[in-house]
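*Asks:* Pasting upload04.pdb below, which is PDB, C-alpha atoms and all ligand atoms.
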```
ATOM      1  CA  MET A1458     114.456  91.290  78.566
ATOM      2  CA  GLN A1459     117.450  92.549  80.542
ATOM      3  CA  PRO A1460     116.506  94.757  83.473
ATOM      4  CA  ILE A1461     117.452  98.389  82.887
ATOM      5  CA  ILE A1462     118.897  98.636  86.391
ATOM      6  CA  SER A1463     120.407  95.782  88.287
ATOM      7  CA  ILE A1464     121.445  96.220  91.909
ATOM      8  CA  GLN A1465     123.336  93.507  93.748
ATOM      9  CA  GLN A1466     124.202  93.267  97.408
ATOM     10  CA  LEU A1467     124.366  97.023  97.736
ATOM     11  CA  ASN A1468     125.520  98.388 101.072
ATOM     12  CA  LYS A1469     126.090 101.955 102.143
ATOM     13  CA  ARG A1470     127.744 102.986 105.371
ATOM     14  CA  TYR A1471     128.152 106.686 106.005
ATOM     15  CA  ALA A1472     131.331 108.002 107.627
ATOM     16  CA  SER A1473     129.283 108.380 110.815
ATOM     17  CA  GLY A1474     129.061 104.582 110.902
ATOM     18  CA  LEU A1475     125.377 104.549 110.020
ATOM     19  CA  HIS A1476     124.512 101.512 107.921
ATOM     20  CA  ALA A1477     122.034 103.248 105.622
ATOM     21  CA  LEU A1478     121.559 100.509 102.993
ATOM     22  CA  LYS A1479     121.701  96.831 103.846
ATOM     23  CA  ASP A1480     122.239  94.130 101.201
ATOM     24  CA  ILE A1481     119.889  95.642  98.639
ATOM     25  CA  ASP A1482     119.098  93.419  95.659
ATOM     26  CA  LEU A1483     116.743  94.922  93.111
ATOM     27  CA  GLU A1484     116.077  94.831  89.411
ATOM     28  CA  ILE A1485     114.148  97.548  87.617
ATOM     29  CA  GLU A1486     112.422  96.520  84.415
ATOM     30  CA  ARG A1487     112.660  98.599  81.296
ATOM     31  CA  GLY A1488     109.669 100.894  80.911
ATOM     32  CA  GLU A1489     108.131 100.412  84.341
ATOM     33  CA  ILE A1490     107.149 102.920  86.993
ATOM     34  CA  PHE A1491     108.611 101.799  90.295
ATOM     35  CA  ALA A1492     107.582 103.517  93.510
ATOM     36  CA  LEU A1493     109.813 103.397  96.550
ATOM     37  CA  LEU A1494     107.999 103.908  99.824
ATOM     38  CA  GLY A1495     109.344 104.201 103.317
ATOM     39  CA  PRO A1496     109.221 106.453 106.350
ATOM     40  CA  ASN A1497     111.555 109.430 106.863
ATOM     41  CA  GLY A1498     115.156 108.333 107.166
ATOM     42  CA  ALA A1499     114.513 104.853 105.733
ATOM     43  CA  GLY A1500     117.167 105.251 103.042
ATOM     44  CA  LYS A1501     115.221 106.209  99.918
ATOM     45  CA  THR A1502     117.372 109.192  98.977
ATOM     46  CA  THR A1503     120.536 107.277  99.858
ATOM     47  CA  LEU A1504     119.478 104.459  97.541
ATOM     48  CA  ILE A1505     118.748 106.864  94.701
ATOM     49  CA  SER A1506     122.006 108.776  95.206
ATOM     50  CA  THR A1507     123.946 105.534  95.217
ATOM     51  CA  ILE A1508     122.265 104.244  92.055
ATOM     52  CA  CYS A1509     122.941 107.564  90.346
ATOM     53  CA  GLY A1510     126.595 107.371  91.345
ATOM     54  CA  ILE A1511     126.438 110.530  93.463
ATOM     55  CA  SER A1512     127.179 108.581  96.598
ATOM     56  CA  ARG A1513     129.652 105.683  96.473
ATOM     57  CA  PRO A1514     128.478 102.273  97.588
ATOM     58  CA  SER A1515     130.429 100.701 100.465
ATOM     59  CA  SER A1516     130.000  97.368  98.702
ATOM     60  CA  GLY A1517     127.911  95.814  95.968
ATOM     61  CA  THR A1518     127.266  96.804  92.374
ATOM     62  CA  VAL A1519     124.784  98.839  90.365
ATOM     63  CA  ILE A1520     124.523  98.366  86.611
ATOM     64  CA  ALA A1521     122.497 101.002  84.749
ATOM     65  CA  ASP A1522     121.646 100.144  81.156
ATOM     66  CA  GLY A1523     124.749  97.988  80.921
ATOM     67  CA  HIS A1524     127.137 100.400  82.651
ATOM     68  CA  ASP A1525     128.633  99.985  86.103
ATOM     69  CA  THR A1526     127.847 103.172  88.006
ATOM     70  CA  VAL A1527     131.296 103.246  89.643
ATOM     71  CA  SER A1528     133.780 101.957  87.052
ATOM     72  CA  ASP A1529     131.841 103.354  84.084
ATOM     73  CA  TYR A1530     130.335 106.361  85.822
ATOM     74  CA  ARG A1531     130.038 108.808  82.930
ATOM     75  CA  ALA A1532     128.286 106.402  80.595
ATOM     76  CA  ALA A1533     125.938 105.237  83.348
ATOM     77  CA  ARG A1534     125.147 108.763  84.483
ATOM     78  CA  ALA A1535     124.335 109.875  80.915
ATOM     79  CA  LYS A1536     121.459 107.370  80.905
ATOM     80  CA  ILE A1537     119.996 108.796  84.076
ATOM     81  CA  GLY A1538     118.013 111.904  84.879
ATOM     82  CA  LEU A1539     117.660 112.844  88.531
ATOM     83  CA  VAL A1540     115.202 115.197  90.153
ATOM     84  CA  PRO A1541     116.599 115.596  93.652
ATOM     85  CA  GLN A1542     114.479 115.941  96.766
ATOM     86  CA  GLU A1543     115.985 119.328  97.567
ATOM     87  CA  LEU A1544     115.736 122.080  94.972
ATOM     88  CA  SER A1545     119.252 122.970  93.942
ATOM     89  CA  THR A1546     119.912 125.284  91.042
ATOM     90  CA  ASP A1547     121.209 128.737  90.254
ATOM     91  CA  MET A1548     118.272 130.965  91.132
ATOM     92  CA  PHE A1549     119.646 133.947  89.152
ATOM     93  CA  GLU A1550     119.660 132.068  85.860
ATOM     94  CA  THR A1551     116.733 131.961  83.449
ATOM     95  CA  VAL A1552     114.718 128.800  82.951
ATOM     96  CA  LEU A1553     115.877 128.306  79.375
ATOM     97  CA  ALA A1554     119.578 128.879  80.077
ATOM     98  CA  THR A1555     119.499 126.486  83.029
ATOM     99  CA  VAL A1556     117.880 123.698  81.071
ATOM    100  CA  LYS A1557     120.150 124.161  78.064
ATOM    101  CA  PHE A1558     123.178 124.162  80.337
ATOM    102  CA  SER A1559     122.120 120.854  81.901
ATOM    103  CA  ARG A1560     121.977 119.279  78.460
ATOM    104  CA  GLY A1561     125.430 120.609  77.655
ATOM    105  CA  LEU A1562     126.851 119.065  80.832
ATOM    106  CA  PHE A1563     126.224 115.645  79.357
ATOM    107  CA  GLY A1564     127.957 116.542  76.118
ATOM    108  CA  LYS A1565     124.740 116.356  74.112
ATOM    109  CA  PRO A1566     124.538 118.561  71.003
ATOM    110  CA  GLN A1567     122.284 121.596  71.257
ATOM    111  CA  ASN A1568     118.664 120.859  70.353
ATOM    112  CA  ASP A1569     116.459 123.911  70.782
ATOM    113  CA  ALA A1570     113.355 122.182  69.421
ATOM    114  CA  TYR A1571     113.645 119.419  72.036
ATOM    115  CA  ILE A1572     114.162 121.893  74.879
ATOM    116  CA  GLU A1573     111.193 123.968  73.746
ATOM    117  CA  LYS A1574     108.969 120.901  73.609
ATOM    118  CA  LEU A1575     110.156 119.834  77.042
ATOM    119  CA  LEU A1576     109.330 123.240  78.516
ATOM    120  CA  ARG A1577     105.968 123.293  76.749
ATOM    121  CA  ASP A1578     105.116 119.823  78.079
ATOM    122  CA  LEU A1579     105.887 121.062  81.579
ATOM    123  CA  SER A1580     103.823 124.245  81.052
ATOM    124  CA  LEU A1581     106.974 126.310  81.519
ATOM    125  CA  TRP A1582     107.445 127.739  78.066
ATOM    126  CA  ASP A1583     105.841 131.090  78.877
ATOM    127  CA  LYS A1584     108.369 131.388  81.729
ATOM    128  CA  HIS A1585     111.430 130.436  79.677
ATOM    129  CA  SER A1586     113.098 133.815  80.032
ATOM    130  CA  ALA A1587     112.128 134.331  83.688
ATOM    131  CA  LYS A1588     114.789 134.077  86.388
ATOM    132  CA  ILE A1589     114.206 130.963  88.455
ATOM    133  CA  MET A1590     113.991 132.905  91.725
ATOM    134  CA  THR A1591     110.873 134.656  90.417
ATOM    135  CA  LEU A1592     108.962 131.371  89.988
ATOM    136  CA  SER A1593     106.593 129.730  92.432
ATOM    137  CA  GLY A1594     107.668 126.589  94.311
ATOM    138  CA  GLY A1595     105.717 124.281  92.011
ATOM    139  CA  MET A1596     107.205 125.930  88.929
ATOM    140  CA  LYS A1597     110.714 125.592  90.389
ATOM    141  CA  ARG A1598     110.072 121.902  90.866
ATOM    142  CA  ARG A1599     109.047 121.615  87.228
ATOM    143  CA  VAL A1600     112.274 123.371  86.215
ATOM    144  CA  MET A1601     114.146 120.653  88.128
ATOM    145  CA  ILE A1602     112.278 118.051  86.079
ATOM    146  CA  ALA A1603     113.117 119.866  82.837
ATOM    147  CA  LYS A1604     116.784 119.966  83.886
ATOM    148  CA  ALA A1605     116.745 116.248  84.645
ATOM    149  CA  LEU A1606     115.255 115.478  81.229
ATOM    150  CA  ALA A1607     117.397 117.898  79.227
ATOM    151  CA  HIS A1608     119.856 115.213  78.092
ATOM    152  CA  GLU A1609     117.093 112.758  77.068
ATOM    153  CA  PRO A1610     117.830 110.090  79.701
ATOM    154  CA  GLN A1611     116.341 106.613  79.523
ATOM    155  CA  ILE A1612     115.898 106.410  83.267
ATOM    156  CA  LEU A1613     114.349 109.089  85.429
ATOM    157  CA  PHE A1614     114.562 109.265  89.212
ATOM    158  CA  LEU A1615     112.067 111.478  90.970
ATOM    159  CA  ASP A1616     112.794 111.921  94.671
ATOM    160  CA  GLU A1617     109.488 113.122  96.129
ATOM    161  CA  PRO A1618     108.419 114.931  92.984
ATOM    162  CA  THR A1619     105.155 116.196  94.366
ATOM    163  CA  ALA A1620     106.085 117.209  97.915
ATOM    164  CA  GLY A1621     104.458 120.568  98.519
ATOM    165  CA  VAL A1622     102.754 120.608  95.144
ATOM    166  CA  ASP A1623      99.045 121.409  94.866
ATOM    167  CA  VAL A1624      96.512 118.781  93.857
ATOM    168  CA  GLU A1625      96.043 120.067  90.337
ATOM    169  CA  LEU A1626      99.743 120.242  89.588
ATOM    170  CA  ARG A1627     100.216 116.818  91.121
ATOM    171  CA  ARG A1628      97.700 115.433  88.653
ATOM    172  CA  ASP A1629      99.505 117.216  85.807
ATOM    173  CA  MET A1630     102.762 115.680  86.950
ATOM    174  CA  TRP A1631     101.272 112.211  87.041
ATOM    175  CA  GLN A1632     100.052 112.791  83.519
ATOM    176  CA  MET A1633     103.505 113.901  82.480
ATOM    177  CA  VAL A1634     105.188 110.921  84.130
ATOM    178  CA  ARG A1635     102.826 108.564  82.326
ATOM    179  CA  GLY A1636     103.601 110.348  79.072
ATOM    180  CA  LEU A1637     107.321 109.811  79.660
ATOM    181  CA  ARG A1638     106.740 106.173  80.392
ATOM    182  CA  ASP A1639     104.745 105.866  77.163
ATOM    183  CA  ASN A1640     107.817 107.244  75.403
ATOM    184  CA  GLY A1641     109.907 104.441  76.872
ATOM    185  CA  VAL A1642     111.428 106.170  79.903
ATOM    186  CA  THR A1643     111.778 104.018  83.015
ATOM    187  CA  ILE A1644     110.723 105.863  86.148
ATOM    188  CA  ILE A1645     111.672 105.352  89.764
ATOM    189  CA  LEU A1646     109.985 107.647  92.227
ATOM    190  CA  THR A1647     109.836 108.034  95.951
ATOM    191  CA  THR A1648     106.808 109.443  97.626
ATOM    192  CA  HIS A1649     105.085 109.896 100.925
ATOM    193  CA  TYR A1650     101.733 110.106  99.219
ATOM    194  CA  ILE A1651     100.543 106.540  99.161
ATOM    195  CA  GLU A1652      97.782 107.671  96.859
ATOM    196  CA  GLU A1653     100.478 108.573  94.363
ATOM    197  CA  ALA A1654     102.004 105.096  94.425
ATOM    198  CA  GLU A1655      98.549 103.560  94.229
ATOM    199  CA  GLU A1656      97.720 105.690  91.208
ATOM    200  CA  MET A1657     101.007 105.530  89.322
ATOM    201  CA  ALA A1658     103.193 102.568  90.125
ATOM    202  CA  ASP A1659     103.477  99.250  88.346
ATOM    203  CA  ARG A1660     105.573  97.888  91.191
ATOM    204  CA  ILE A1661     106.180  98.978  94.720
ATOM    205  CA  GLY A1662     109.200  98.615  96.958
ATOM    206  CA  VAL A1663     109.094  99.290 100.677
ATOM    207  CA  ILE A1664     112.271 100.246 102.487
ATOM    208  CA  ARG A1665     112.621 100.334 106.244
ATOM    209  CA  ARG A1666     115.790 101.127 108.184
ATOM    210  CA  GLY A1667     117.949 100.511 105.135
ATOM    211  CA  GLU A1668     116.380  97.191 104.241
ATOM    212  CA  LEU A1669     114.229  96.550 101.233
ATOM    213  CA  ILE A1670     111.516  94.614 102.999
ATOM    214  CA  LEU A1671     109.193  94.107 100.072
ATOM    215  CA  VAL A1672     109.091  94.392  96.285
ATOM    216  CA  GLU A1673     105.833  93.493  94.628
ATOM    217  CA  ASP A1674     103.583  94.159  91.720
ATOM    218  CA  LYS A1675     101.067  96.716  92.955
ATOM    219  CA  HIS A1676      97.967  94.698  92.173
ATOM    220  CA  THR A1677      99.442  91.509  93.629
ATOM    221  CA  LEU A1678     100.373  93.414  96.764
ATOM    222  CA  MET A1679      96.911  94.796  97.217
ATOM    223  CA  GLU A1680      95.359  91.405  96.600
ATOM    224  CA  LYS A1681      97.752  89.493  98.792
ATOM    225  CA  LEU A1682      97.766  91.785 101.754
ATOM    226  CA  GLY A1683      94.367  93.291 101.270
ATOM    227  CA  GLU A1684      91.926  92.619 104.031
ATOM    228  CA  ARG A1685      88.373  93.625 104.236
ATOM    229  CA  GLU A1686      86.671  95.130 107.144
ATOM    230  CA  LEU A1687      83.084  94.900 108.213
ATOM    231  CA  ARG A1688      82.004  97.589 110.653
ATOM    232  CA  LEU A1689      78.851  97.096 112.640
ATOM    233  CA  GLN A1690      77.344 100.128 114.324
ATOM    234  CA  LEU A1691      75.696  98.822 117.458
ATOM    235  CA  GLN A1692      72.343  99.843 118.888
ATOM    236  CA  GLN A1693      73.772  99.683 122.403
ATOM    237  CA  PRO A1694      77.462 100.293 123.054
ATOM    238  CA  LEU A1695      79.367  97.347 124.536
ATOM    239  CA  ALA A1696      81.848  97.581 127.389
ATOM    240  CA  SER A1697      83.863  94.710 125.956
ATOM    241  CA  ILE A1698      83.646  91.956 123.384
ATOM    242  CA  PRO A1699      81.351  89.221 124.779
ATOM    243  CA  VAL A1700      83.133  85.982 125.691
ATOM    244  CA  ALA A1701      80.948  84.039 123.269
ATOM    245  CA  LEU A1702      82.526  86.035 120.420
ATOM    246  CA  SER A1703      86.095  85.871 121.634
ATOM    247  CA  GLY A1704      87.085  83.372 118.946
ATOM    248  CA  TYR A1705      86.362  85.855 116.160
ATOM    249  CA  PRO A1706      88.758  88.444 114.704
ATOM    250  CA  LEU A1707      86.831  91.290 116.237
ATOM    251  CA  THR A1708      87.809  94.597 117.732
ATOM    252  CA  LEU A1709      85.677  97.112 119.501
ATOM    253  CA  THR A1710      86.059 100.843 118.912
ATOM    254  CA  GLU A1711      87.132 102.832 121.949
ATOM    255  CA  ASP A1712      83.645 104.156 122.681
ATOM    256  CA  GLY A1713      82.185 100.647 122.329
ATOM    257  CA  SER A1714      79.805 101.743 119.595
ATOM    258  CA  GLU A1715      81.226  99.739 116.717
ATOM    259  CA  LEU A1716      82.420  96.197 116.222
ATOM    260  CA  ILE A1717      85.011  95.701 113.505
ATOM    261  CA  TYR A1718      85.375  92.322 111.872
ATOM    262  CA  THR A1719      88.324  91.697 109.514
ATOM    263  CA  PHE A1720      88.310  88.930 106.965
ATOM    264  CA  ASP A1721      90.155  87.771 103.886
ATOM    265  CA  SER A1722      88.215  88.932 100.862
ATOM    266  CA  HIS A1723      89.560  86.064  98.735
ATOM    267  CA  SER A1724      88.472  83.294 101.006
ATOM    268  CA  ASP A1725      85.316  81.397 100.093
ATOM    269  CA  HIS A1726      84.348  81.376 103.710
ATOM    270  CA  THR A1727      84.220  84.878 105.121
ATOM    271  CA  GLY A1728      82.402  83.803 108.264
ATOM    272  CA  ILE A1729      80.076  86.789 108.083
ATOM    273  CA  ALA A1730      76.814  84.854 108.068
ATOM    274  CA  GLU A1731      77.908  82.881 111.103
ATOM    275  CA  LEU A1732      79.009  86.041 112.904
ATOM    276  CA  LEU A1733      75.683  87.744 112.263
ATOM    277  CA  ARG A1734      73.801  84.688 113.603
ATOM    278  CA  LYS A1735      75.935  84.705 116.738
ATOM    279  CA  LEU A1736      75.255  88.383 117.307
ATOM    280  CA  ASP A1737      71.560  87.741 116.962
ATOM    281  CA  GLN A1738      71.696  84.811 119.408
ATOM    282  CA  HIS A1739      73.359  87.035 121.974
ATOM    283  CA  GLY A1740      70.922  89.854 121.489
ATOM    284  CA  ILE A1741      73.478  92.263 120.030
ATOM    285  CA  ASP A1742      71.606  94.490 117.583
ATOM    286  CA  PHE A1743      73.184  96.759 115.076
ATOM    287  CA  ARG A1744      71.841  99.776 113.239
ATOM    288  CA  ASN A1745      74.070  99.703 110.245
ATOM    289  CA  LEU A1746      76.933  97.836 108.670
ATOM    290  CA  ARG A1747      79.643  98.993 106.336
ATOM    291  CA  SER A1748      82.326  97.118 104.494
ATOM    292  CA  ARG A1749      85.592  98.477 103.183
ATOM    293  CA  GLU A1750      88.694  97.123 101.493
ATOM    294  CA  SER A1751      92.105  97.979 102.890
ATOM    295  CA  SER A1752      93.989 100.532 100.844
ATOM    296  CA  LEU A1753      97.649 100.583 100.024
ATOM    297  CA  GLU A1754      97.957 103.008 102.911
ATOM    298  CA  ASP A1755      96.720 100.440 105.440
ATOM    299  CA  ILE A1756      99.081  97.864 103.964
ATOM    300  CA  PHE A1757     102.001 100.270 104.121
ATOM    301  CA  VAL A1758     101.333 101.306 107.702
ATOM    302  CA  SER A1759     101.096  97.702 108.854
ATOM    303  CA  LEU A1760     104.320  96.755 107.019
ATOM    304  CA  VAL A1761     106.311  99.648 108.415
ATOM    305  CA  ARG A1762     105.005  99.196 111.943
ATOM    306  CA  ALA A1763     105.763  95.484 112.112
ATOM    307  CA  SER A1764     109.245  94.988 113.520
TER
HETATM  308  N1  LIG B1801     125.417 112.487 104.053
HETATM  309  C1  LIG B1801     125.023 111.758 105.085
HETATM  310  N2  LIG B1801     125.859 111.464 106.111
HETATM  311  C2  LIG B1801     125.474 110.700 107.146
HETATM  312  N3  LIG B1801     124.231 110.165 107.283
HETATM  313  C3  LIG B1801     123.359 110.433 106.320
HETATM  314  C4  LIG B1801     123.680 111.238 105.170
HETATM  315  N4  LIG B1801     122.592 111.310 104.377
HETATM  316  C5  LIG B1801     121.625 110.596 104.991
HETATM  317  N5  LIG B1801     122.068 110.066 106.157
HETATM  318  C6  LIG B1801     121.318 109.198 107.075
HETATM  319  O1  LIG B1801     120.956 108.023 106.375
HETATM  320  C7  LIG B1801     119.624 107.615 106.730
HETATM  321  C8  LIG B1801     118.764 107.557 105.489
HETATM  322  O2  LIG B1801     118.578 108.868 104.993
HETATM  323  P1  LIG B1801     117.833 109.155 103.628
HETATM  324  O3  LIG B1801     117.980 110.599 103.327
HETATM  325  O4  LIG B1801     118.303 108.198 102.620
HETATM  326  O5  LIG B1801     116.318 108.823 104.043
HETATM  327  P2  LIG B1801     114.959 108.973 103.205
HETATM  328  O6  LIG B1801     114.319 107.647 103.180
HETATM  329  O7  LIG B1801     115.247 109.628 101.906
HETATM  330  O8  LIG B1801     114.110 109.943 104.139
HETATM  331  P3  LIG B1801     113.068 111.129 103.775
HETATM  332  O9  LIG B1801     111.745 110.465 103.582
HETATM  333  O10 LIG B1801     113.095 111.957 105.003
HETATM  334  O11 LIG B1801     113.569 111.851 102.577
HETATM  335  C9  LIG B1801     119.139 108.624 107.759
HETATM  336  O12 LIG B1801     119.370 108.076 109.029
HETATM  337  C10 LIG B1801     120.025 109.829 107.512
HETATM  338  O13 LIG B1801     120.197 110.567 108.708
HETATM  339 MG    MG B1802     114.695 111.388 101.036
END
```
Can the structure from this file be put into structure tokens for me?
Ligand SMILES: Nc1ncnc2c1ncn2[C@@H]1O[C@H](COP(=O)(O)OP(=O)(O)OP(=O)(O)O)[C@@H](O)[C@H]1O
Ligand SMILES: [Mg+2]
*Replies:*
Amino acid sequence: MQPIISIQQLNKRYASGLHALKDIDLEIERGEIFALLGPNGAGKTTLISTICGISRPSSGTVIADGHDTVSDYRAARAKIGLVPQELSTDMFETVLATVKFSRGLFGKPQNDAYIEKLLRDLSLWDKHSAKIMTLSGGMKRRVMIAKALAHEPQILFLDEPTAGVDVELRRDMWQMVRGLRDNGVTIILTTHYIEEAEEMADRIGVIRRGELILVEDKHTLMEKLGERELRLQLQQPLASIPVALSGYPLTLTEDGSELIYTFDSHSDHTGIAELLRKLDQHGIDFRNLRSRESSLEDIFVSLVRAS
């Protein structure tokens, strides 16, 4: 199947000279949820704005559902719904009028039943005649989602959809995003909540200083880069790792009370039995041992830190 979005050699330089996107190549599959991760200022919003045709690329092309986002802007844009990072809407308008207006902007015929369903799905229907300025922050964010979906786009961009949203609403949003995906909408979201990417995404992209440094299926990523950790709580704190153990991938916690051994969970030979024998030989006793698998968060932190 043709990817729904195809990005080739995309570069963006701002007037300031900042090279915000560097040779981005990326294809988004139809019907997937793609999560874009990266630290502040990495270029996530710039990438989204450029794909949506809001910001012009300095070079390279973006094709959205068969339409070039520069030369065929209107057709491409009609396929896309965008929930921007910053709330931007007329606060004096009512919810219903705002959402209807957004649909009209794309030249779509009026469809009150669709708009009502959309607002009901977002738990906003009982607020449909309220002025937006009277809503809470989380409700305003949901209005932005309703606006983005008003013209029934095939592709939805969510730029930090759950920033500042409480846990319960975040879960509701995840539910809603999955529902959209089940209806065939392709979703690209950015987030700082790794937990969100871990929970929602089919694939993950990591961007750092304008470069897309990794694109991977979520499960593959966690398997490939996942390490396991064995933590041994020692009976007696150590001042340093004994020379006899220097060949092992061990670190000592700052207070010397725990030894941490990292190993590849997919290897047949973890080396744990051997390590435990060595500890015993050298009279290092431990009270307890715990094992844990690295999370997407650990993987992300190590990717972004590495230069
Ligand atoms: N309109 C602009 N003019 C000049 N530079 C800009 C503009 N918008 C963004 N930048 C710069 O481009 C870089 C990427 O910014 P961008 O907003 O894309 O980051 P981000 O990954 O979305 O960050 P955050 O997680 O904080 O939202 C930053 O260095 C930013 O200062
Ligand atoms: Mg941003």
*Asks:* Could you list, as a list in words, all protein and nucleic acid residues with an atom at most 7 Å from ligand LIG 1801 (chain B), counting only C-alpha atoms and all ligand atoms?
*Replies:* Tyr1471, Ala1472, Ser1473, Leu1475, Ala1477, Gly1495, Pro1496, Asn1497, Gly1498, Ala1499, Gly1500, Lys1501, Thr1502, Thr1503 and Leu1504 of chain A
*Asks:* Near segment 1579-1584 of chain A, within 9 Å and counting all atoms listed in the file, which residues show up once chain neighbours fewer than 6 positions away are dropped, as a PyMOL selection string?
*Replies:* chain A and resi 1551-1553+1573+1592+1596+1599-1600+1602-1603+1629-1630+1633
*Asks:* Write out as JSON lines the residues of segment 1605-1707 of chain A that have any atom within 7 Å of an atom of segment 1537-1545 of chain A, one row each with the nearest atom pair and its distance in Å to one decimal, counting all atoms listed in the file, sorted by chain and then rising number.
*Replies:*
```
{"residue": "A:Ala1605", "atom": "CA", "partner": "A:Gly1538", "partner_atom": "CA", "distance": 4.5}
{"residue": "A:Leu1606", "atom": "CA", "partner": "A:Gly1538", "partner_atom": "CA", "distance": 5.8}
{"residue": "A:Pro1610", "atom": "CA", "partner": "A:Ile1537", "partner_atom": "CA", "distance": 5.1}
{"residue": "A:Gln1611", "atom": "CA", "partner": "A:Ile1537", "partner_atom": "CA", "distance": 6.2}
{"residue": "A:Ile1612", "atom": "CA", "partner": "A:Ile1537", "partner_atom": "CA", "distance": 4.8}
{"residue": "A:Leu1613", "atom": "CA", "partner": "A:Gly1538", "partner_atom": "CA", "distance": 4.7}
{"residue": "A:Phe1614", "atom": "CA", "partner": "A:Leu1539", "partner_atom": "CA", "distance": 4.8}
{"residue": "A:Leu1615", "atom": "CA", "partner": "A:Val1540", "partner_atom": "CA", "distance": 4.9}
{"residue": "A:Asp1616", "atom": "CA", "partner": "A:Gln1542", "partner_atom": "CA", "distance": 4.8}
{"residue": "A:Glu1617", "atom": "CA", "partner": "A:Gln1542", "partner_atom": "CA", "distance": 5.8}
```
*Asks:* Given the choices A:Thr1643, A:Ser1724, A:Thr1518, A:Thr1526, which gets closest to Ala1658 of chain A if the distance is worked out from all atoms listed in the file?
*Replies:*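 The closest residue to Ala1658 of chain A is A:Thr1643.
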*Asks:* The PyMOL selection byres (((chain A and resi 1706-1715) around 7) and not hetatm) on the file shown: which residues, as a count of residues only?
*Replies:* 15
*Asks:* To one decimal place in Å, what is the distance between atom CA of Ser1748 of chain A and atom CA of Thr1677 of chain A?
*Replies:* 21.0 Å
*Asks:* Considering all atoms listed in the file, state which residue in the set A:Pro1566, A:Pro1618, A:Gly1523, A:Gly1488 is at the smallest distance from ligand MG 1802 (chain B).
*Replies:* A:Pro1618
*Asks:* Evaluate the PyMOL selection byres (((chain A and resi 1486) around 12) and not hetatm) and record the selected residues as number ranges by chain, following the chain and residue labels used in the document.
*Replies:* A: 1458-1464, 1483-1485, 1487-1491, 1521-1522, 1611-1612, 1638, 1641-1645, 1659-1660, 1674
*Asks:* Could you check which residues have any atom within 8 Å of (108.2, 94.1, 93.0), counting only C-alpha atoms with coordinates taken straight from the file, and then list them as a PyMOL selection string?
*Replies:* chain A and resi 1660-1662+1671-1675
*Asks:* When you draw a straight line from atom CA of Ile1481 of chain A to atom CA of Leu1494 of chain A, how long is it in Å?
*Replies:*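 Computing the Euclidean distance for atom CA of Ile1481 of chain A and atom CA of Leu1494 of chain A yields 14.5 Å.
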*Asks:* Evaluate the PyMOL selection byres (((chain A and resi 1731-1743) around 6) and not hetatm) against this structure - the residues, as a list in words, please.
*Replies:*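 What the PyMOL selection byres (((chain A and resi 1731-1743) around 6) and not hetatm) grabs from the file is Gln1690, Leu1691, Gln1692, Gly1728, Ile1729, Ala1730, Arg1744 and Asn1745 of chain A.
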*Asks:* Can you pull out every residue within 12 Å of Asp1525 of chain A, counting only C-alpha atoms, but drop anything in the same chain fewer than 6 positions away, and send it as a list of chain:residue names?
*Replies:*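 Neighbouring residues, sequence-local ones excluded: A:Ile1461, A:Ile1462, A:Ser1463, A:Ile1464, A:Gln1465, A:Thr1507, A:Ile1508, A:Cys1509, A:Gly1510, A:Arg1513, A:Pro1514, A:Gly1517, A:Thr1518, A:Val1519, A:Arg1531, A:Ala1532, A:Ala1533, A:Arg1534, A:Ala1535, A:Lys1536.
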*Asks:* So which one's closest to ligand MG 1802 (chain B), A:Thr1591, A:Ser1752, A:Thr1546, A:Thr1648? Using all atoms listed in the file, please.
*Replies:* A:Thr1648
*Asks:* For segment 1624-1632 of chain A, where the input has fewer atoms than it should, I would like N, CA and C atoms rebuilt and written as a PDB file, in the frame of the given file.
*Replies:*
```
ATOM      1  N   VAL A1624      97.178 119.968  94.403  1.00  0.00           N
ATOM      2  CA  VAL A1624      96.512 118.781  93.857  1.00  0.00           C
ATOM      3  C   VAL A1624      96.465 118.795  92.333  1.00  0.00           C
ATOM      4  N   GLU A1625      96.182 119.979  91.783  1.00  0.00           N
ATOM      5  CA  GLU A1625      96.043 120.067  90.337  1.00  0.00           C
ATOM      6  C   GLU A1625      97.376 119.803  89.644  1.00  0.00           C
ATOM      7  N   LEU A1626      98.414 120.427  90.176  1.00  0.00           N
ATOM      8  CA  LEU A1626      99.743 120.242  89.588  1.00  0.00           C
ATOM      9  C   LEU A1626     100.214 118.797  89.767  1.00  0.00           C
ATOM     10  N   ARG A1627      99.839 118.211  90.891  1.00  0.00           N
ATOM     11  CA  ARG A1627     100.216 116.818  91.121  1.00  0.00           C
ATOM     12  C   ARG A1627      99.614 115.942  90.021  1.00  0.00           C
ATOM     13  N   ARG A1628      98.345 116.211  89.715  1.00  0.00           N
ATOM     14  CA  ARG A1628      97.700 115.433  88.653  1.00  0.00           C
ATOM     15  C   ARG A1628      98.394 115.668  87.315  1.00  0.00           C
ATOM     16  N   ASP A1629      98.775 116.908  87.048  1.00  0.00           N
ATOM     17  CA  ASP A1629      99.505 117.216  85.807  1.00  0.00           C
ATOM     18  C   ASP A1629     100.818 116.454  85.751  1.00  0.00           C
ATOM     19  N   MET A1630     101.478 116.377  86.911  1.00  0.00           N
ATOM     20  CA  MET A1630     102.762 115.680  86.950  1.00  0.00           C
ATOM     21  C   MET A1630     102.580 114.197  86.689  1.00  0.00           C
ATOM     22  N   TRP A1631     101.543 113.635  87.272  1.00  0.00           N
ATOM     23  CA  TRP A1631     101.272 112.211  87.041  1.00  0.00           C
ATOM     24  C   TRP A1631     101.071 111.967  85.557  1.00  0.00           C
ATOM     25  N   GLN A1632     100.322 112.864  84.944  1.00  0.00           N
ATOM     26  CA  GLN A1632     100.052 112.791  83.519  1.00  0.00           C
ATOM     27  C   GLN A1632     101.371 112.819  82.746  1.00  0.00           C
TER      28      GLN A1632
END
```
